[in-house]
Amino acid sequence: MKLEELGLSLLFDYYGDLLTEKQRTCFDLYYNQDLSLSEIAQEAGISRQGVHDSLSRAEAALRTMEAKTGAAARDTQCRQAMNRIRLAARKLLEHPDPQANALALEILEAADTMKE
């Protein structure tokens with residue numbers, strides 16, 4: 001899967017419920033089920049051009065929603081920060097000081113309580 005397609009799939013996970021049913025169906029069949037435009041058109045009973053237009057509108061809507069809210073980008077940044085915190089805490093566990101070990105365990109415990 002191309003990087004852009006992966007990004008669109010991530011946006012679909014966040015904002016897919018805000019699309020129309022037709023847009024959701026076309027998007028899912030094209031990006032998640034890997035069907036061609038022709039296969040989707042046949043299954044949905046619309047033209048190939050109709051599928052293309054629906055996908056284009058869905059992609060534009062997903063990008064617009066992300067541009068306005070930034071929820072997916074913020075979540076990605078939080079996940080990356082949490083991974084760095086966990087890594088630093090695990091390194092701190094290797095420190096011979098018992099107080100450092102206790103702090104590391106406390107950090108890891110707090111990190112584990114955060115929703116993934």
# chains A, B, ... in the order shown; residues from 1 in each chain; ligands from 1
call {"tool": "residues_around", "arguments": {"residues": "Phe27 (chain A)", "least_positions_apart": "3", "cutoff": "10 Å", "atoms": "only C-alpha atoms", "output": "ChimeraX atom specification"}}
result
/A:8-9,12,16,19,21-24,30-35,40,51-52,54-56,58-59
call {"tool": "write_last_selection", "arguments": {"atoms": "N, CA and C atoms", "output": "PDB file, in the first residue's frame"}}
result
ATOM      1  N   LEU A   8      -4.747   7.933   3.901  1.00  0.00           N
ATOM      2  CA  LEU A   8      -6.190   8.036   3.672  1.00  0.00           C
ATOM      3  C   LEU A   8      -6.943   7.001   4.505  1.00  0.00           C
ATOM      4  N   SER A   9      -6.385   5.806   4.611  1.00  0.00           N
ATOM      5  CA  SER A   9      -7.030   4.772   5.429  1.00  0.00           C
ATOM      6  C   SER A   9      -7.070   5.184   6.897  1.00  0.00           C
ATOM      7  N   PHE A  12      -9.758   7.679   7.215  1.00  0.00           N
ATOM      8  CA  PHE A  12     -11.050   6.987   7.138  1.00  0.00           C
ATOM      9  C   PHE A  12     -11.416   6.391   8.498  1.00  0.00           C
ATOM     10  N   GLY A  16     -14.474   8.365   8.886  1.00  0.00           N
ATOM     11  CA  GLY A  16     -15.299   7.622   7.934  1.00  0.00           C
ATOM     12  C   GLY A  16     -16.788   7.687   8.222  1.00  0.00           C
ATOM     13  N   LEU A  19     -18.784  10.403   6.414  1.00  0.00           N
ATOM     14  CA  LEU A  19     -19.026  10.316   4.973  1.00  0.00           C
ATOM     15  C   LEU A  19     -20.422   9.754   4.711  1.00  0.00           C
ATOM     16  N   GLU A  21     -23.068   7.097   3.054  1.00  0.00           N
ATOM     17  CA  GLU A  21     -23.006   5.630   2.971  1.00  0.00           C
ATOM     18  C   GLU A  21     -22.330   5.192   1.667  1.00  0.00           C
ATOM     19  N   LYS A  22     -22.670   5.849   0.580  1.00  0.00           N
ATOM     20  CA  LYS A  22     -22.094   5.517  -0.725  1.00  0.00           C
ATOM     21  C   LYS A  22     -20.583   5.769  -0.717  1.00  0.00           C
ATOM     22  N   GLN A  23     -20.162   6.889  -0.143  1.00  0.00           N
ATOM     23  CA  GLN A  23     -18.735   7.190  -0.071  1.00  0.00           C
ATOM     24  C   GLN A  23     -18.003   6.178   0.799  1.00  0.00           C
ATOM     25  N   ARG A  24     -18.601   5.824   1.940  1.00  0.00           N
ATOM     26  CA  ARG A  24     -17.981   4.825   2.828  1.00  0.00           C
ATOM     27  C   ARG A  24     -17.827   3.490   2.115  1.00  0.00           C
ATOM     28  N   TYR A  30     -12.564   0.019  -2.281  1.00  0.00           N
ATOM     29  CA  TYR A  30     -11.385   0.378  -3.068  1.00  0.00           C
ATOM     30  C   TYR A  30     -10.098   0.268  -2.245  1.00  0.00           C
ATOM     31  N   TYR A  31     -10.090   0.872  -1.054  1.00  0.00           N
ATOM     32  CA  TYR A  31      -8.859   0.928  -0.268  1.00  0.00           C
ATOM     33  C   TYR A  31      -8.651  -0.283   0.647  1.00  0.00           C
ATOM     34  N   ASN A  32      -9.725  -0.796   1.214  1.00  0.00           N
ATOM     35  CA  ASN A  32      -9.574  -1.897   2.164  1.00  0.00           C
ATOM     36  C   ASN A  32      -9.757  -3.273   1.524  1.00  0.00           C
ATOM     37  N   GLN A  33     -10.646  -3.364   0.553  1.00  0.00           N
ATOM     38  CA  GLN A  33     -10.896  -4.651  -0.092  1.00  0.00           C
ATOM     39  C   GLN A  33     -10.107  -4.807  -1.401  1.00  0.00           C
ATOM     40  N   ASP A  34      -9.486  -3.724  -1.849  1.00  0.00           N
ATOM     41  CA  ASP A  34      -8.634  -3.713  -3.041  1.00  0.00           C
ATOM     42  C   ASP A  34      -9.391  -4.079  -4.321  1.00  0.00           C
ATOM     43  N   LEU A  35     -10.648  -3.660  -4.424  1.00  0.00           N
ATOM     44  CA  LEU A  35     -11.420  -3.876  -5.644  1.00  0.00           C
ATOM     45  C   LEU A  35     -11.118  -2.752  -6.639  1.00  0.00           C
ATOM     46  N   ILE A  40     -16.185  -2.299  -8.327  1.00  0.00           N
ATOM     47  CA  ILE A  40     -17.044  -1.558  -7.398  1.00  0.00           C
ATOM     48  C   ILE A  40     -18.284  -1.064  -8.128  1.00  0.00           C
ATOM     49  N   VAL A  51     -18.167   5.878  -9.395  1.00  0.00           N
ATOM     50  CA  VAL A  51     -17.303   5.379  -8.317  1.00  0.00           C
ATOM     51  C   VAL A  51     -16.119   6.319  -8.142  1.00  0.00           C
ATOM     52  N   HIS A  52     -15.512   6.708  -9.246  1.00  0.00           N
ATOM     53  CA  HIS A  52     -14.365   7.620  -9.194  1.00  0.00           C
ATOM     54  C   HIS A  52     -14.754   8.937  -8.523  1.00  0.00           C
ATOM     55  N   SER A  54     -17.232   9.490  -6.441  1.00  0.00           N
ATOM     56  CA  SER A  54     -17.524   9.240  -5.029  1.00  0.00           C
ATOM     57  C   SER A  54     -16.235   9.128  -4.218  1.00  0.00           C
ATOM     58  N   LEU A  55     -15.253   8.427  -4.762  1.00  0.00           N
ATOM     59  CA  LEU A  55     -13.955   8.302  -4.083  1.00  0.00           C
ATOM     60  C   LEU A  55     -13.265   9.663  -3.966  1.00  0.00           C
ATOM     61  N   SER A  56     -13.315  10.439  -5.037  1.00  0.00           N
ATOM     62  CA  SER A  56     -12.678  11.760  -5.018  1.00  0.00           C
ATOM     63  C   SER A  56     -13.314  12.656  -3.964  1.00  0.00           C
ATOM     64  N   ALA A  58     -14.959  11.642  -1.306  1.00  0.00           N
ATOM     65  CA  ALA A  58     -14.648  11.079   0.013  1.00  0.00           C
ATOM     66  C   ALA A  58     -13.240  11.474   0.444  1.00  0.00           C
ATOM     67  N   GLU A  59     -12.278  11.339  -0.456  1.00  0.00           N
ATOM     68  CA  GLU A  59     -10.896  11.697  -0.137  1.00  0.00           C
ATOM     69  C   GLU A  59     -10.783  13.174   0.217  1.00  0.00           C
TER      70      GLU A  59
END
call {"tool": "residues_around", "arguments": {"residues": "Arg48 (chain A)", "least_positions_apart": "3", "cutoff": "6 Å", "atoms": "only C-alpha atoms", "output": "ChimeraX atom specification"}}
result
/A:37-38,41,51
call {"tool": "residues_around", "arguments": {"residues": "Leu87 (chain A)", "least_positions_apart": "5", "cutoff": "12 Å", "atoms": "only C-alpha atoms", "output": "short mmCIF file (atom, residue, chain, number, x, y, z; two decimals) with all heavy atoms, in the first residue's frame"}}
result
data_model
loop_
_atom_site.label_atom_id
_atom_site.label_comp_id
_atom_site.auth_asym_id
_atom_site.auth_seq_id
_atom_site.Cartn_x
_atom_site.Cartn_y
_atom_site.Cartn_z
N GLN A 80 3.64 8.64 19.27
CA GLN A 80 5.09 8.69 19.13
C GLN A 80 5.74 9.16 20.42
O GLN A 80 6.77 8.62 20.85
CB GLN A 80 5.48 9.59 17.96
CG GLN A 80 5.13 9.02 16.61
CD GLN A 80 5.30 10.00 15.47
OE1 GLN A 80 5.42 11.20 15.68
NE2 GLN A 80 5.28 9.49 14.25
N ALA A 81 5.16 10.17 21.05
CA ALA A 81 5.69 10.67 22.32
C ALA A 81 5.61 9.59 23.39
O ALA A 81 6.56 9.41 24.18
CB ALA A 81 4.92 11.92 22.76
N MET A 82 4.51 8.86 23.43
CA MET A 82 4.36 7.79 24.43
C MET A 82 5.40 6.69 24.20
O MET A 82 5.97 6.16 25.16
CB MET A 82 2.95 7.21 24.37
CG MET A 82 2.67 6.20 25.47
SD MET A 82 2.97 6.80 27.14
CE MET A 82 1.83 8.15 27.23
N LEU A 92 15.91 3.76 31.85
CA LEU A 92 16.10 4.17 33.24
C LEU A 92 16.07 2.97 34.18
O LEU A 92 16.74 2.97 35.22
CB LEU A 92 15.02 5.18 33.63
CG LEU A 92 15.16 5.95 34.93
CD1 LEU A 92 16.49 6.72 34.96
CD2 LEU A 92 14.01 6.90 35.10
N LEU A 93 15.34 1.93 33.81
CA LEU A 93 15.29 0.72 34.63
C LEU A 93 16.66 0.04 34.73
O LEU A 93 16.93 -0.68 35.68
CB LEU A 93 14.29 -0.28 34.04
CG LEU A 93 12.83 -0.09 34.42
CD1 LEU A 93 11.96 -1.06 33.65
CD2 LEU A 93 12.63 -0.27 35.91
N GLU A 94 17.52 0.29 33.75
CA GLU A 94 18.85 -0.30 33.75
C GLU A 94 19.80 0.42 34.71
O GLU A 94 20.89 -0.07 34.99
CB GLU A 94 19.43 -0.27 32.33
CG GLU A 94 18.62 -1.07 31.34
CD GLU A 94 19.03 -0.83 29.90
OE1 GLU A 94 20.03 -0.11 29.66
OE2 GLU A 94 18.35 -1.35 29.01
N ALA A 104 11.15 4.84 37.12
CA ALA A 104 10.93 4.23 35.81
C ALA A 104 9.69 3.35 35.82
O ALA A 104 8.88 3.37 34.90
CB ALA A 104 12.16 3.42 35.39
N LEU A 105 9.55 2.57 36.87
CA LEU A 105 8.36 1.70 36.97
C LEU A 105 7.08 2.53 37.08
O LEU A 105 6.06 2.18 36.49
CB LEU A 105 8.50 0.76 38.18
CG LEU A 105 9.53 -0.35 38.02
CD1 LEU A 105 9.71 -1.09 39.34
CD2 LEU A 105 9.14 -1.29 36.90
N ILE A 107 6.64 5.54 35.82
CA ILE A 107 6.39 6.09 34.48
C ILE A 107 5.76 5.05 33.57
O ILE A 107 4.77 5.32 32.87
CB ILE A 107 7.72 6.62 33.87
CG1 ILE A 107 8.18 7.85 34.64
CG2 ILE A 107 7.54 6.93 32.38
CD1 ILE A 107 9.60 8.28 34.32
N LEU A 108 6.31 3.83 33.58
CA LEU A 108 5.76 2.78 32.74
C LEU A 108 4.33 2.43 33.15
O LEU A 108 3.47 2.18 32.29
CB LEU A 108 6.65 1.53 32.79
CG LEU A 108 7.98 1.66 32.05
CD1 LEU A 108 8.87 0.47 32.36
CD2 LEU A 108 7.74 1.80 30.56
N ALA A 111 2.11 5.13 31.86
CA ALA A 111 2.00 5.03 30.40
C ALA A 111 1.03 3.91 30.01
O ALA A 111 0.27 4.04 29.05
CB ALA A 111 3.37 4.78 29.78
#
call {"tool": "atom_distance", "arguments": {"atom1": "CA of Glu66 (chain A)", "atom2": "CA of Leu18 (chain A)"}}
result
11.9 Å
